$ cat query-v4.pdb   # PDB, C-alpha atoms, pLDDT in the B column
ATOM      1  CA  MET A   1     -79.511 -42.453 -44.656  1.00 49.00           C
ATOM      2  CA  SER A   2     -77.000 -40.087 -45.930  1.00 55.00           C
ATOM      3  CA  ASN A   3     -78.791 -37.222 -44.160  1.00 60.00           C
ATOM      4  CA  GLU A   4     -78.738 -39.111 -40.900  1.00 61.00           C
ATOM      5  CA  THR A   5     -75.081 -39.976 -41.419  1.00 62.00           C
ATOM      6  CA  ASN A   6     -74.280 -36.381 -42.183  1.00 61.00           C
ATOM      7  CA  LYS A   7     -76.177 -35.273 -39.098  1.00 65.00           C
ATOM      8  CA  ALA A   8     -74.393 -37.832 -36.977  1.00 62.00           C
ATOM      9  CA  GLN A   9     -71.065 -36.702 -38.326  1.00 62.00           C
ATOM     10  CA  ASP A  10     -71.983 -33.060 -37.759  1.00 62.00           C
ATOM     11  CA  ASN A  11     -73.014 -33.893 -34.197  1.00 61.00           C
ATOM     12  CA  GLN A  12     -69.766 -35.702 -33.641  1.00 62.00           C
ATOM     13  CA  VAL A  13     -67.795 -32.765 -35.029  1.00 53.00           C
ATOM     14  CA  GLU A  14     -69.783 -30.380 -32.829  1.00 61.00           C
ATOM     15  CA  GLU A  15     -69.202 -32.577 -29.797  1.00 60.00           C
ATOM     16  CA  ILE A  16     -65.472 -32.705 -30.544  1.00 58.00           C
ATOM     17  CA  VAL A  17     -65.367 -28.931 -31.070  1.00 50.00           C
ATOM     18  CA  GLU A  18     -67.388 -28.331 -27.903  1.00 58.00           C
ATOM     19  CA  GLY A  19     -65.141 -30.750 -26.013  1.00 53.00           C
ATOM     20  CA  GLU A  20     -62.096 -28.968 -27.284  1.00 54.00           C
ATOM     21  CA  LEU A  21     -63.637 -25.640 -26.391  1.00 49.00           C
ATOM     22  CA  LEU A  22     -64.448 -26.959 -22.931  1.00 49.00           C
ATOM     23  CA  ASN A  23     -60.892 -28.240 -22.634  1.00 51.00           C
ATOM     24  CA  GLU A  24     -59.556 -24.886 -23.823  1.00 53.00           C
ATOM     25  CA  ASN A  25     -61.847 -22.989 -21.428  1.00 53.00           C
ATOM     26  CA  GLY A  26     -60.800 -25.280 -18.586  1.00 52.00           C
ATOM     27  CA  ALA A  27     -57.168 -24.855 -19.546  1.00 53.00           C
ATOM     28  CA  GLU A  28     -57.684 -21.100 -19.751  1.00 60.00           C
ATOM     29  CA  ALA A  29     -59.293 -21.109 -16.304  1.00 61.00           C
ATOM     30  CA  THR A  30     -56.418 -23.205 -14.963  1.00 73.00           C
ATOM     31  CA  ASP A  31     -53.881 -20.888 -16.647  1.00 72.00           C
ATOM     32  CA  GLU A  32     -55.594 -17.822 -15.168  1.00 75.00           C
ATOM     33  CA  ALA A  33     -55.609 -19.383 -11.676  1.00 73.00           C
ATOM     34  CA  SER A  34     -51.923 -20.299 -11.888  1.00 79.00           C
ATOM     35  CA  LEU A  35     -51.142 -16.825 -13.251  1.00 77.00           C
ATOM     36  CA  MET A  36     -53.011 -15.257 -10.299  1.00 79.00           C
ATOM     37  CA  ASP A  37     -51.047 -17.505  -7.903  1.00 81.00           C
ATOM     38  CA  GLU A  38     -47.779 -16.447  -9.518  1.00 82.00           C
ATOM     39  CA  LEU A  39     -48.740 -12.735  -9.284  1.00 82.00           C
ATOM     40  CA  THR A  40     -49.719 -13.122  -5.628  1.00 86.00           C
ATOM     41  CA  GLN A  41     -46.443 -14.884  -4.861  1.00 86.00           C
ATOM     42  CA  ALA A  42     -44.542 -12.218  -6.799  1.00 83.00           C
ATOM     43  CA  ASN A  43     -46.305  -9.493  -4.798  1.00 86.00           C
ATOM     44  CA  PHE A  44     -45.405 -11.222  -1.520  1.00 88.00           C
ATOM     45  CA  ARG A  45     -41.817 -11.577  -2.725  1.00 89.00           C
ATOM     46  CA  VAL A  46     -41.704  -7.872  -3.678  1.00 88.00           C
ATOM     47  CA  GLU A  47     -43.003  -6.922  -0.234  1.00 90.00           C
ATOM     48  CA  GLU A  48     -40.392  -9.143   1.425  1.00 90.00           C
ATOM     49  CA  LEU A  49     -37.635  -7.601  -0.703  1.00 89.00           C
ATOM     50  CA  GLU A  50     -38.841  -4.057   0.062  1.00 91.00           C
ATOM     51  CA  LYS A  51     -38.867  -4.861   3.792  1.00 91.00           C
ATOM     52  CA  ALA A  52     -35.356  -6.355   3.540  1.00 90.00           C
ATOM     53  CA  LEU A  53     -34.202  -3.257   1.629  1.00 91.00           C
ATOM     54  CA  GLN A  54     -35.600  -0.944   4.309  1.00 92.00           C
ATOM     55  CA  GLU A  55     -33.874  -2.962   7.023  1.00 91.00           C
ATOM     56  CA  ALA A  56     -30.604  -2.870   5.080  1.00 89.00           C
ATOM     57  CA  GLU A  57     -30.899   0.907   4.583  1.00 89.00           C
ATOM     58  CA  ALA A  58     -31.558   1.404   8.297  1.00 88.00           C
ATOM     59  CA  LYS A  59     -28.533  -0.739   9.101  1.00 88.00           C
ATOM     60  CA  VAL A  60     -26.391   1.272   6.670  1.00 89.00           C
ATOM     61  CA  GLU A  61     -27.528   4.534   8.317  1.00 87.00           C
ATOM     62  CA  ALA A  62     -26.679   3.150  11.760  1.00 85.00           C
ATOM     63  CA  GLN A  63     -23.268   1.988  10.533  1.00 87.00           C
ATOM     64  CA  LYS A  64     -22.648   5.366   8.894  1.00 87.00           C
ATOM     65  CA  ASP A  65     -23.443   7.122  12.178  1.00 85.00           C
ATOM     66  CA  SER A  66     -21.114   4.825  14.128  1.00 87.00           C
ATOM     67  CA  VAL A  67     -18.331   5.352  11.555  1.00 88.00           C
ATOM     68  CA  ILE A  68     -18.724   9.144  11.843  1.00 91.00           C
ATOM     69  CA  ARG A  69     -18.634   8.912  15.648  1.00 90.00           C
ATOM     70  CA  ALA A  70     -15.553   6.686  15.540  1.00 89.00           C
ATOM     71  CA  ALA A  71     -13.790   9.106  13.173  1.00 90.00           C
ATOM     72  CA  ALA A  72     -14.632  12.033  15.470  1.00 91.00           C
ATOM     73  CA  GLU A  73     -13.348  10.085  18.491  1.00 92.00           C
ATOM     74  CA  VAL A  74     -10.078   9.272  16.687  1.00 92.00           C
ATOM     75  CA  ASP A  75      -9.714  12.939  15.737  1.00 92.00           C
ATOM     76  CA  ASN A  76     -10.278  14.001  19.367  1.00 93.00           C
ATOM     77  CA  ILE A  77      -7.729  11.469  20.610  1.00 93.00           C
ATOM     78  CA  ARG A  78      -5.200  12.674  18.026  1.00 93.00           C
ATOM     79  CA  ARG A  79      -5.772  16.313  19.044  1.00 93.00           C
ATOM     80  CA  ARG A  80      -5.487  15.485  22.764  1.00 93.00           C
ATOM     81  CA  SER A  81      -2.310  13.493  22.161  1.00 91.00           C
ATOM     82  CA  ALA A  82      -0.773  16.375  20.211  1.00 90.00           C
ATOM     83  CA  MET A  83      -1.607  18.772  23.063  1.00 88.00           C
ATOM     84  CA  ASP A  84      -0.152  16.352  25.620  1.00 87.00           C
ATOM     85  CA  VAL A  85       3.057  16.035  23.594  1.00 87.00           C
ATOM     86  CA  GLU A  86       3.277  19.819  23.265  1.00 83.00           C
ATOM     87  CA  LYS A  87       2.801  20.238  27.038  1.00 80.00           C
ATOM     88  CA  ALA A  88       5.382  17.543  27.693  1.00 79.00           C
ATOM     89  CA  HIS A  89       7.885  19.398  25.498  1.00 76.00           C
ATOM     90  CA  LYS A  90       7.117  22.731  27.151  1.00 73.00           C
ATOM     91  CA  PHE A  91       7.091  21.573  30.744  1.00 75.00           C
ATOM     92  CA  ALA A  92       9.457  18.594  30.767  1.00 78.00           C
ATOM     93  CA  LEU A  93      12.046  20.692  32.601  1.00 81.00           C
ATOM     94  CA  GLU A  94       9.625  21.861  35.305  1.00 84.00           C
ATOM     95  CA  LYS A  95      10.846  19.492  38.049  1.00 84.00           C
ATOM     96  CA  PHE A  96      14.476  20.013  37.113  1.00 86.00           C
ATOM     97  CA  ILE A  97      14.174  23.807  37.171  1.00 87.00           C
ATOM     98  CA  ASN A  98      12.275  23.679  40.478  1.00 87.00           C
ATOM     99  CA  GLU A  99      15.343  21.957  41.923  1.00 89.00           C
ATOM    100  CA  LEU A 100      17.597  24.714  40.526  1.00 88.00           C
ATOM    101  CA  LEU A 101      15.581  27.625  41.963  1.00 90.00           C
ATOM    102  CA  PRO A 102      17.154  27.331  45.447  1.00 91.00           C
ATOM    103  CA  VAL A 103      20.599  27.529  43.790  1.00 90.00           C
ATOM    104  CA  LEU A 104      19.596  30.817  42.142  1.00 90.00           C
ATOM    105  CA  ASP A 105      18.234  32.079  45.479  1.00 90.00           C
ATOM    106  CA  ASN A 106      21.498  31.206  47.236  1.00 90.00           C
ATOM    107  CA  MET A 107      23.556  33.027  44.606  1.00 89.00           C
ATOM    108  CA  GLU A 108      21.431  36.134  45.119  1.00 88.00           C
ATOM    109  CA  ARG A 109      21.897  35.863  48.876  1.00 88.00           C
ATOM    110  CA  ALA A 110      25.662  35.532  48.334  1.00 87.00           C
ATOM    111  CA  LEU A 111      25.587  38.732  46.292  1.00 87.00           C
ATOM    112  CA  GLN A 112      23.659  40.524  49.037  1.00 85.00           C
ATOM    113  CA  GLY A 113      26.093  39.281  51.682  1.00 81.00           C
ATOM    114  CA  THR A 114      29.203  40.558  49.948  1.00 81.00           C
ATOM    115  CA  ASP A 115      30.308  44.102  49.269  1.00 79.00           C
ATOM    116  CA  ALA A 116      31.123  44.972  45.674  1.00 75.00           C
ATOM    117  CA  GLU A 117      33.243  47.929  46.788  1.00 83.00           C
ATOM    118  CA  ALA A 118      35.384  46.210  49.439  1.00 82.00           C
ATOM    119  CA  GLU A 119      38.727  44.907  48.179  1.00 83.00           C
ATOM    120  CA  ALA A 120      38.491  41.691  50.168  1.00 82.00           C
ATOM    121  CA  THR A 121      35.113  40.608  48.735  1.00 83.00           C
ATOM    122  CA  LYS A 122      35.176  42.368  45.339  1.00 85.00           C
ATOM    123  CA  ALA A 123      36.538  39.331  43.454  1.00 87.00           C
ATOM    124  CA  ILE A 124      34.058  36.977  45.143  1.00 87.00           C
ATOM    125  CA  TYR A 125      31.189  39.343  44.360  1.00 88.00           C
ATOM    126  CA  GLU A 126      32.146  39.602  40.679  1.00 89.00           C
ATOM    127  CA  GLY A 127      32.605  35.830  40.374  1.00 89.00           C
ATOM    128  CA  VAL A 128      29.234  35.031  41.964  1.00 89.00           C
ATOM    129  CA  GLU A 129      27.557  37.770  39.905  1.00 91.00           C
ATOM    130  CA  LEU A 130      28.938  36.411  36.612  1.00 92.00           C
ATOM    131  CA  THR A 131      27.997  32.854  37.594  1.00 91.00           C
ATOM    132  CA  ALA A 132      24.445  33.929  38.500  1.00 90.00           C
ATOM    133  CA  LYS A 133      24.033  35.889  35.233  1.00 91.00           C
ATOM    134  CA  SER A 134      25.271  33.001  33.088  1.00 92.00           C
ATOM    135  CA  PHE A 135      23.103  30.577  35.047  1.00 90.00           C
ATOM    136  CA  VAL A 136      19.985  32.745  34.560  1.00 89.00           C
ATOM    137  CA  SER A 137      20.693  33.272  30.833  1.00 91.00           C
ATOM    138  CA  ALA A 138      21.170  29.498  30.408  1.00 89.00           C
ATOM    139  CA  VAL A 139      17.807  28.634  31.959  1.00 88.00           C
ATOM    140  CA  GLU A 140      16.060  31.526  30.149  1.00 89.00           C
ATOM    141  CA  LYS A 141      16.831  29.724  26.862  1.00 89.00           C
ATOM    142  CA  PHE A 142      14.427  27.007  28.041  1.00 85.00           C
ATOM    143  CA  GLY A 143      11.579  29.427  28.851  1.00 87.00           C
ATOM    144  CA  LEU A 144      12.337  30.357  32.463  1.00 89.00           C
ATOM    145  CA  VAL A 145      11.510  33.994  33.297  1.00 90.00           C
ATOM    146  CA  GLN A 146      12.189  35.793  36.580  1.00 90.00           C
ATOM    147  CA  VAL A 147       9.307  37.583  38.294  1.00 89.00           C
ATOM    148  CA  ASP A 148      10.889  40.601  40.022  1.00 87.00           C
ATOM    149  CA  PRO A 149       7.968  42.976  40.687  1.00 89.00           C
ATOM    150  CA  GLN A 150       9.753  45.706  42.658  1.00 87.00           C
ATOM    151  CA  GLY A 151       7.655  48.886  42.212  1.00 86.00           C
ATOM    152  CA  ASP A 152       4.914  47.132  40.194  1.00 89.00           C
ATOM    153  CA  ALA A 153       1.249  46.867  41.121  1.00 90.00           C
ATOM    154  CA  PHE A 154       0.417  43.822  43.238  1.00 91.00           C
ATOM    155  CA  ASN A 155      -0.801  40.910  41.081  1.00 90.00           C
ATOM    156  CA  PRO A 156      -2.166  37.963  43.102  1.00 89.00           C
ATOM    157  CA  GLU A 157      -1.640  35.636  40.125  1.00 90.00           C
ATOM    158  CA  LEU A 158       2.131  36.201  40.191  1.00 90.00           C
ATOM    159  CA  HIS A 159       2.827  37.535  43.689  1.00 92.00           C
ATOM    160  CA  GLN A 160       2.369  36.202  47.182  1.00 90.00           C
ATOM    161  CA  ALA A 161       1.940  38.974  49.750  1.00 91.00           C
ATOM    162  CA  ILE A 162       3.796  38.384  53.002  1.00 91.00           C
ATOM    163  CA  GLY A 163       2.325  41.504  54.583  1.00 89.00           C
ATOM    164  CA  MET A 164       1.291  45.128  54.096  1.00 89.00           C
ATOM    165  CA  GLN A 165       3.045  48.231  55.437  1.00 88.00           C
ATOM    166  CA  PRO A 166       2.262  51.907  55.234  1.00 89.00           C
ATOM    167  CA  SER A 167       4.651  53.755  52.947  1.00 84.00           C
ATOM    168  CA  ALA A 168       4.976  57.367  51.840  1.00 83.00           C
ATOM    169  CA  ASP A 169       7.204  56.371  48.903  1.00 84.00           C
ATOM    170  CA  PHE A 170       4.835  53.843  47.249  1.00 87.00           C
ATOM    171  CA  PRO A 171       1.144  54.189  46.333  1.00 87.00           C
ATOM    172  CA  ALA A 172      -1.380  51.691  47.754  1.00 87.00           C
ATOM    173  CA  ASN A 173      -1.254  48.062  46.474  1.00 87.00           C
ATOM    174  CA  THR A 174       2.260  48.474  45.104  1.00 89.00           C
ATOM    175  CA  VAL A 175       5.092  46.000  45.690  1.00 91.00           C
ATOM    176  CA  MET A 176       7.569  47.885  47.892  1.00 90.00           C
ATOM    177  CA  MET A 177       9.936  45.010  48.680  1.00 89.00           C
ATOM    178  CA  VAL A 178      10.700  41.600  47.121  1.00 90.00           C
ATOM    179  CA  MET A 179      11.777  38.969  49.632  1.00 90.00           C
ATOM    180  CA  GLN A 180      12.096  36.168  47.081  1.00 90.00           C
ATOM    181  CA  LYS A 181      11.849  36.401  43.297  1.00 90.00           C
ATOM    182  CA  GLY A 182       9.256  34.330  41.476  1.00 92.00           C
ATOM    183  CA  TYR A 183       9.664  32.335  38.274  1.00 92.00           C
ATOM    184  CA  THR A 184       7.505  31.286  35.315  1.00 91.00           C
ATOM    185  CA  LEU A 185       8.226  28.515  32.808  1.00 88.00           C
ATOM    186  CA  ASN A 186       6.656  29.040  29.381  1.00 85.00           C
ATOM    187  CA  GLU A 187       4.137  31.420  30.966  1.00 86.00           C
ATOM    188  CA  ARG A 188       3.176  28.907  33.671  1.00 87.00           C
ATOM    189  CA  LEU A 189       3.877  30.055  37.226  1.00 90.00           C
ATOM    190  CA  LEU A 190       6.467  27.876  38.952  1.00 89.00           C
ATOM    191  CA  ARG A 191       6.806  29.946  42.090  1.00 91.00           C
ATOM    192  CA  PRO A 192       5.162  33.241  43.050  1.00 93.00           C
ATOM    193  CA  ALA A 193       7.309  36.161  44.136  1.00 92.00           C
ATOM    194  CA  MET A 194       7.128  36.753  47.879  1.00 92.00           C
ATOM    195  CA  VAL A 195       6.507  40.467  48.362  1.00 93.00           C
ATOM    196  CA  MET A 196       5.666  43.195  50.844  1.00 91.00           C
ATOM    197  CA  VAL A 197       2.814  45.391  49.651  1.00 92.00           C
ATOM    198  CA  SER A 198       2.386  49.099  50.390  1.00 90.00           C
ATOM    199  CA  GLN A 199      -0.748  50.413  52.078  1.00 85.00           C
ATOM    200  CA  GLY A 200      -0.068  53.836  50.624  1.00 73.00           C
TER     201      GLY A 200
END

$ encode --input "query-v4.pdb" --output "structure tokens"
Amino acid sequence: MSNETNKAQDNQVEEIVEGELLNENGAEATDEASLMDELTQANFRVEELEKALQEAEAKVEAQKDSVIRAAAEVDNIRRRSAMDVEKAHKFALEKFINELLPVLDNMERALQGTDAEAEATKAIYEGVELTAKSFVSAVEKFGLVQVDPQGDAFNPELHQAIGMQPSADFPANTVMMVMQKGYTLNERLLRPAMVMVSQG
């Protein structure tokens, strides 16, 4: 009986051990399945994060490009504004000086109409001459320059030809007579000189 009892106990122990082993194997299988699920989910999560990172990097590149373009646009606007201000400073007097040009023309006509040698008109001539010189020197301080091309080669950028005449004294395409002087303001032509050009 003791042998049978021992065998029964051994069988029971083996059954318990086998049951535990089965439980452990089942638990191991369950652990492996849950571990595989976790790895799969982690892989999906990594892929999602990589995709989000790529999208974020693309967005950053687009933003960087737009920031560079905006900075360039601001720089262009600043440069254009500076040029506009410079032009405004240079040519602010243009309209005012255009109104004064007929006054200068009339003073020159007054000088041509009076005789510097005659006693009756000598004082008037000197007074008008001094006034014209001081007037011209005053406006020259602001960049006004007279264009008086008597004897110079004809330049269509600065001169306006009224006509052409044959002349033995002047070579061809030379200004032989100035009817009205021209003026430039800071190297910009305000009024061309009206001239008669020699045919040679």

$ resolve_selection --input "query-v4.pdb" --expression "the PyMOL selection byres ((chain A and resi 100) around 12)" --output "PyMOL selection string"
chain A and resi 93-99+101-107+132+135-136+138-139+144+183+190

$ resolve_selection --input "query-v4.pdb" --expression "the PyMOL selection byres ((chain A and resi 179) around 8)" --output "PDB file with C-alpha atoms, in the frame of the given file"
ATOM      1  CA  MET A 177       9.936  45.010  48.680  1.00 89.00           C
ATOM      2  CA  VAL A 178      10.700  41.600  47.121  1.00 90.00           C
ATOM      3  CA  GLN A 180      12.096  36.168  47.081  1.00 90.00           C
ATOM      4  CA  LYS A 181      11.849  36.401  43.297  1.00 90.00           C
ATOM      5  CA  ALA A 193       7.309  36.161  44.136  1.00 92.00           C
ATOM      6  CA  MET A 194       7.128  36.753  47.879  1.00 92.00           C
ATOM      7  CA  VAL A 195       6.507  40.467  48.362  1.00 93.00           C
ATOM      8  CA  MET A 196       5.666  43.195  50.844  1.00 91.00           C
TER       9      MET A 196
END

$ atom_distance --input "query-v4.pdb" --atom1 "CA of Thr121 in chain A" --atom2 "CA of Glu108 in chain A"
14.8 Å

$ resolve_selection --input "query-v4.pdb" --expression "the PyMOL selection byres ((chain A and resi 171-174) around 9)" --output "list in words"
Gln150, Gly151, Asp152, Ala153, Phe154, Asn155, Met164, Pro166, Ser167, Ala168, Asp169, Phe170, Val175, Met176, Met196, Val197, Ser198, Gln199 and Gly200 of chain A

$ write_last_selection --input "query-v4.pdb" --atoms "C-alpha atoms" --output "tab-separated table (two decimals), in the frame of the given file"
chain	number	residue	atom	x	y	z
A	150	GLN	CA	9.75	45.71	42.66
A	151	GLY	CA	7.66	48.89	42.21
A	152	ASP	CA	4.91	47.13	40.19
A	153	ALA	CA	1.25	46.87	41.12
A	154	PHE	CA	0.42	43.82	43.24
A	155	ASN	CA	-0.80	40.91	41.08
A	164	MET	CA	1.29	45.13	54.10
A	166	PRO	CA	2.26	51.91	55.23
A	167	SER	CA	4.65	53.76	52.95
A	168	ALA	CA	4.98	57.37	51.84
A	169	ASP	CA	7.20	56.37	48.90
A	170	PHE	CA	4.84	53.84	47.25
A	175	VAL	CA	5.09	46.00	45.69
A	176	MET	CA	7.57	47.88	47.89
A	196	MET	CA	5.67	43.20	50.84
A	197	VAL	CA	2.81	45.39	49.65
A	198	SER	CA	2.39	49.10	50.39
A	199	GLN	CA	-0.75	50.41	52.08
A	200	GLY	CA	-0.07	53.84	50.62

$ closest_residue --input "query-v4.pdb" --among "A:Pro192, A:Glu57, A:Ala82, A:Phe44" --to "Pro156 in chain A" --atoms "only C-alpha atoms"
A:Pro192

$ atom_distance --input "query-v4.pdb" --atom1 "CA of Thr40 in chain A" --atom2 "CA of Ala58 in chain A"
27.1 Å

$ atom_distance --input "query-v4.pdb" --atom1 "CA of Gly127 in chain A" --atom2 "CA of Gln146 in chain A"
20.8 Å

$ closest_residue --input "query-v4.pdb" --among "A:Leu111, A:Leu185, A:Leu39, A:Val74" --to "Val128 in chain A" --atoms "all atoms listed in the file"
A:Leu111

$ residues_near_point --input "query-v4.pdb" --point "(3.5, 29.9, 28.0)" --cutoff "12 Å" --atoms "only C-alpha atoms" --output "list in words"
Glu86, Lys87, His89, Lys90, Phe91, Phe142, Gly143, Leu144, Val145, Thr184, Leu185, Asn186, Glu187, Arg188, Leu189 and Leu190 of chain A

$ closest_residue --input "query-v4.pdb" --among "A:Arg191, A:Lys141, A:Lys133, A:Lys51" --to "Glu157 in chain A" --atoms "only C-alpha atoms"
A:Arg191
